[in-house]
Amino acid sequence: DARTLIAYFERNGAPRCPPTANPAEYILDVAGKPGARVDWPRVWRESNERQAVLAEIARINALKHRAGADRAEPGADRTYARSVAYQTRLVFARMLLMQWRNTEYQLTRIALQVICAVVVGLAYLRLGDGLADMSNKMMALFFVAVLGILATNNVMPQYLRDRRVYGRESSTNQYGWQAFGLSVVFAEWPFAVLANTLFVVILYWMVGLNPASDRVGYFYIVYIVFGFFSLSLGQMIASFSANEFIAALIAPIPGALLTLVAGATTPYPSMPKFFSSWLYWLSPHRYLLEGLIANDLHGARVHCNPDELYTFEPPANSTCRDYAGDWVKSAIGYIDNLDATSACKYCPYSVGDEFVSTFSWSYDNRWRNFGILFAFIAFNIIFTIAMVRIYKVNKR
């Protein structure tokens with residue numbers, strides 16, 4: 001029941017420990033509370049208990065010296081009792097268990113994905129192959145990138161709670177920063193896969209995106225990876241933030257900026273030179289959107305609705321084919337009534353690739369973009385783990 005230790009603190013000025021209190025929590029509150037009126041390091045240095053401990057250490061060392069055992073055993077000077085791999089395995093298993101038991105956090109994660117999928121799906125329900133439908137598909141996919149900000153904001157408080165636990169346990173050398181850094185990052189991923197899968201299943205069919213199996217598969221794996229990026233971005237921001245308030249102030253800045261310069265709302269050719277020359281290329285959302293939009297519209301035939309067609313008149317005694325047939329073969333789009341002698345109907349695009357090309361994007365880049373997303377994730381993870389090593393949680 002730790003009566004000896006409790007008596008030491010009570011004897012030196014700490015409040016009495018209630019009979020029903022947890023001794024470990026009592027000692028942590030007394031010794032670790034900021035602004036305590038008792039200088040516990042000084043009390044320990046001047047205490048009889050410290051002298052007794054030093055005398056016991058000297059006695060043991062003298063016995064070892066007389067026995068010829070004063071040479072240290074291999075590994076006796078290690079900071080931790082077990083290897084980094086062993087620590088990581090145990091800490092990761094515990095992190096997974098903590099995630100599983102944190103029902104509110106997991107339900108919030110799932111609810112965010114499901115509600116957002118339903119809202120976006122209803123806003124762009126069952127789109128067709130018209131000109132406006134193609135633009136609406138692009139906007140639906142743009143909101144996929146915007147919604148990553150919600151996952152970023154959701155993970156930051158959880159990371160900061162986990163970091164406070166690590167700060168307490170690392171003070172007793174239970175495990176190292178490598179084990180915590182790797183575990184706190186990757187323990188999020190299995191649960192994110194489940195939530196993001198629900199998002200894809202709901203959104204994809206509600207919006208009416210490309211039903212080809214390879215296009216569905218690409219969308220799924222890219223959105224899963226983008227979910228990992230959103231989590232790693234949130235953890236990276238939280239890793240150098242003192243608390244939830246600071247993290248919440250910082251997070252909207254990169255989230256909004258990188259989304260705005262992704263090239264969907266302002267195409268690359270129309271973007272101001274300052275942004276297009278460097279920030280556009282540093283935006284992970286740019287690679288996400290190019291991959292998703294080109295993946296969905298590649299090879300898709302465009303059929304303009306009657307109100308989306310541009311009308312022009314051919315010269316007298318000639319058809320639309322005679323007047324503009326050769327031109328339209330070398331241009332983008334198509335003429336809907338080539339044999340008409342008046343009111344030629346022109347659609348600006350004939351396939352989705354022509355629409356995608358106006359943003360300086362290409363279907364050929366989709367797997368390259370997939371790899372670049374992994375590069376952004378790797379940077380976030382390395383930065384987060386480095387900050388675990390550098391940032392001091394328990395500052396005195």
# chains A, B, ... in the order shown; residues from 1 in each chain; ligands from 1
call {"tool": "residues_around", "arguments": {"residues": "A:Ile332", "least_positions_apart": "5", "cutoff": "7 Å", "atoms": "only C-alpha atoms", "output": "PDB file with N, CA and C atoms, in the first residue's frame"}}
result
ATOM      1  N   PRO A 348     -18.283  21.859 -76.338  1.00  0.00           N
ATOM      2  CA  PRO A 348     -16.854  22.154 -76.155  1.00  0.00           C
ATOM      3  C   PRO A 348     -15.972  20.925 -75.906  1.00  0.00           C
ATOM      4  N   TYR A 349     -16.556  19.830 -75.436  1.00  0.00           N
ATOM      5  CA  TYR A 349     -15.757  18.647 -75.134  1.00  0.00           C
ATOM      6  C   TYR A 349     -16.459  17.409 -75.685  1.00  0.00           C
ATOM      7  N   SER A 350     -15.647  16.474 -76.180  1.00  0.00           N
ATOM      8  CA  SER A 350     -16.207  15.204 -76.642  1.00  0.00           C
ATOM      9  C   SER A 350     -15.866  14.063 -75.692  1.00  0.00           C
ATOM     10  N   GLU A 354     -10.387  15.842 -72.547  1.00  0.00           N
ATOM     11  CA  GLU A 354     -10.262  17.206 -73.057  1.00  0.00           C
ATOM     12  C   GLU A 354     -10.567  18.219 -71.955  1.00  0.00           C
TER      13      GLU A 354
END
call {"tool": "residues_around", "arguments": {"residues": "A:Leu5", "least_positions_apart": "3", "cutoff": "12 Å", "atoms": "only C-alpha atoms", "output": "ChimeraX atom specification"}}
result
/A:1-2,8-12,14,17,23-24,26-28,30-31,49
call {"tool": "residues_around", "arguments": {"residues": "stretch 245-247 of chain A", "least_positions_apart": "4", "cutoff": "10 Å", "atoms": "only C-alpha atoms", "output": "list of chain:residue names"}}
result
A:Asn153, A:Met156, A:Pro157, A:Leu160, A:Gly234, A:Gln235, A:Met236, A:Ile237, A:Ala238, A:Ser239, A:Phe240, A:Ser241, A:Ala251, A:Pro252
call {"tool": "residues_around", "arguments": {"residues": "A:Cys304", "least_positions_apart": "3", "cutoff": "8 Å", "atoms": "only C-alpha atoms", "output": "list in words"}}
result
Asp129, Gly130, Leu131, Asp307, Glu308, Leu309 and Cys347 of chain A
call {"tool": "atom_distance", "arguments": {"atom1": "atom CA of A:Met98", "atom2": "atom CA of A:Ser83"}}
result
22.5 Å
call {"tool": "residues_around", "arguments": {"residues": "A:Ala151", "least_positions_apart": "3", "cutoff": "7 Å", "atoms": "only C-alpha atoms", "output": "number ranges by chain"}}
result
A: 148, 154-155, 230-231
call {"tool": "closest_residue", "arguments": {"among": "A:Ser270, A:Gly167, A:Val146, A:Leu122", "to": "A:Leu203", "atoms": "only C-alpha atoms"}}
result
A:Leu122
call {"tool": "atom_distance", "arguments": {"atom1": "atom CA of A:Phe374", "atom2": "atom CA of A:Phe228"}}
result
9.0 Å
call {"tool": "select_by_dssp", "arguments": {"residues": "stretch 294-390 of chain A", "states": "alpha helix (DSSP H)", "output": "ChimeraX atom specification"}}
result
/A:294-297,320-330,352-357,366-390
call {"tool": "decode", "arguments": {"residues": "stretch 295-319 of chain A", "atoms": "N, CA and C atoms", "output": "PDB file, in the first residue's frame"}}
result
ATOM      1  N   ASN A 295      -8.697  10.075 -63.353  1.00  0.00           N
ATOM      2  CA  ASN A 295      -9.089   8.667 -63.270  1.00  0.00           C
ATOM      3  C   ASN A 295     -10.567   8.490 -63.612  1.00  0.00           C
ATOM      4  N   ASP A 296     -11.399   9.402 -63.144  1.00  0.00           N
ATOM      5  CA  ASP A 296     -12.836   9.260 -63.367  1.00  0.00           C
ATOM      6  C   ASP A 296     -13.251   9.638 -64.788  1.00  0.00           C
ATOM      7  N   LEU A 297     -12.635  10.672 -65.370  1.00  0.00           N
ATOM      8  CA  LEU A 297     -13.103  11.211 -66.652  1.00  0.00           C
ATOM      9  C   LEU A 297     -12.351  10.656 -67.855  1.00  0.00           C
ATOM     10  N   HIS A 298     -11.290   9.905 -67.626  1.00  0.00           N
ATOM     11  CA  HIS A 298     -10.510   9.395 -68.758  1.00  0.00           C
ATOM     12  C   HIS A 298     -11.375   8.499 -69.649  1.00  0.00           C
ATOM     13  N   GLY A 299     -11.439   8.841 -70.931  1.00  0.00           N
ATOM     14  CA  GLY A 299     -12.178   8.049 -71.901  1.00  0.00           C
ATOM     15  C   GLY A 299     -13.687   8.168 -71.809  1.00  0.00           C
ATOM     16  N   ALA A 300     -14.202   8.951 -70.871  1.00  0.00           N
ATOM     17  CA  ALA A 300     -15.656   9.077 -70.702  1.00  0.00           C
ATOM     18  C   ALA A 300     -16.226   9.995 -71.783  1.00  0.00           C
ATOM     19  N   ARG A 301     -17.210   9.526 -72.507  1.00  0.00           N
ATOM     20  CA  ARG A 301     -17.841  10.335 -73.547  1.00  0.00           C
ATOM     21  C   ARG A 301     -18.683  11.446 -72.914  1.00  0.00           C
ATOM     22  N   VAL A 302     -18.599  12.620 -73.513  1.00  0.00           N
ATOM     23  CA  VAL A 302     -19.367  13.771 -73.045  1.00  0.00           C
ATOM     24  C   VAL A 302     -20.530  13.993 -74.015  1.00  0.00           C
ATOM     25  N   HIS A 303     -21.730  14.119 -73.482  1.00  0.00           N
ATOM     26  CA  HIS A 303     -22.925  14.391 -74.279  1.00  0.00           C
ATOM     27  C   HIS A 303     -23.579  15.655 -73.719  1.00  0.00           C
ATOM     28  N   CYS A 304     -23.348  16.753 -74.403  1.00  0.00           N
ATOM     29  CA  CYS A 304     -23.874  18.025 -73.922  1.00  0.00           C
ATOM     30  C   CYS A 304     -25.404  18.016 -73.969  1.00  0.00           C
ATOM     31  N   ASN A 305     -26.017  18.543 -72.950  1.00  0.00           N
ATOM     32  CA  ASN A 305     -27.452  18.755 -72.965  1.00  0.00           C
ATOM     33  C   ASN A 305     -27.785  19.896 -73.925  1.00  0.00           C
ATOM     34  N   PRO A 306     -29.023  19.974 -74.420  1.00  0.00           N
ATOM     35  CA  PRO A 306     -29.370  21.012 -75.401  1.00  0.00           C
ATOM     36  C   PRO A 306     -29.016  22.426 -74.957  1.00  0.00           C
ATOM     37  N   ASP A 307     -29.178  22.733 -73.676  1.00  0.00           N
ATOM     38  CA  ASP A 307     -28.879  24.085 -73.216  1.00  0.00           C
ATOM     39  C   ASP A 307     -27.390  24.324 -73.003  1.00  0.00           C
ATOM     40  N   GLU A 308     -26.558  23.310 -73.204  1.00  0.00           N
ATOM     41  CA  GLU A 308     -25.109  23.444 -73.039  1.00  0.00           C
ATOM     42  C   GLU A 308     -24.388  23.594 -74.380  1.00  0.00           C
ATOM     43  N   LEU A 309     -25.114  23.467 -75.493  1.00  0.00           N
ATOM     44  CA  LEU A 309     -24.526  23.548 -76.824  1.00  0.00           C
ATOM     45  C   LEU A 309     -24.400  24.999 -77.271  1.00  0.00           C
ATOM     46  N   TYR A 310     -23.289  25.313 -77.955  1.00  0.00           N
ATOM     47  CA  TYR A 310     -23.091  26.632 -78.548  1.00  0.00           C
ATOM     48  C   TYR A 310     -23.587  26.589 -79.992  1.00  0.00           C
ATOM     49  N   THR A 311     -24.363  27.578 -80.377  1.00  0.00           N
ATOM     50  CA  THR A 311     -24.975  27.598 -81.709  1.00  0.00           C
ATOM     51  C   THR A 311     -24.280  28.634 -82.599  1.00  0.00           C
ATOM     52  N   PHE A 312     -23.977  28.235 -83.846  1.00  0.00           N
ATOM     53  CA  PHE A 312     -23.445  29.161 -84.843  1.00  0.00           C
ATOM     54  C   PHE A 312     -24.045  28.807 -86.199  1.00  0.00           C
ATOM     55  N   GLU A 313     -24.027  29.776 -87.101  1.00  0.00           N
ATOM     56  CA  GLU A 313     -24.618  29.590 -88.419  1.00  0.00           C
ATOM     57  C   GLU A 313     -23.531  29.334 -89.462  1.00  0.00           C
ATOM     58  N   PRO A 314     -23.712  28.312 -90.319  1.00  0.00           N
ATOM     59  CA  PRO A 314     -22.772  28.079 -91.420  1.00  0.00           C
ATOM     60  C   PRO A 314     -23.090  29.017 -92.586  1.00  0.00           C
ATOM     61  N   PRO A 315     -22.172  29.171 -93.543  1.00  0.00           N
ATOM     62  CA  PRO A 315     -22.481  29.983 -94.736  1.00  0.00           C
ATOM     63  C   PRO A 315     -23.661  29.401 -95.516  1.00  0.00           C
ATOM     64  N   ALA A 316     -24.223  30.203 -96.357  1.00  0.00           N
ATOM     65  CA  ALA A 316     -25.363  29.753 -97.154  1.00  0.00           C
ATOM     66  C   ALA A 316     -24.979  28.581 -98.048  1.00  0.00           C
ATOM     67  N   ASN A 317     -25.914  27.674 -98.238  1.00  0.00           N
ATOM     68  CA  ASN A 317     -25.754  26.513 -99.118  1.00  0.00           C
ATOM     69  C   ASN A 317     -24.620  25.572 -98.679  1.00  0.00           C
ATOM     70  N   SER A 318     -24.323  25.521 -97.377  1.00  0.00           N
ATOM     71  CA  SER A 318     -23.313  24.579 -96.868  1.00  0.00           C
ATOM     72  C   SER A 318     -23.803  23.981 -95.549  1.00  0.00           C
ATOM     73  N   THR A 319     -23.290  22.803 -95.249  1.00  0.00           N
ATOM     74  CA  THR A 319     -23.665  22.139 -93.998  1.00  0.00           C
ATOM     75  C   THR A 319     -22.657  22.462 -92.905  1.00  0.00           C
TER      76      THR A 319
END
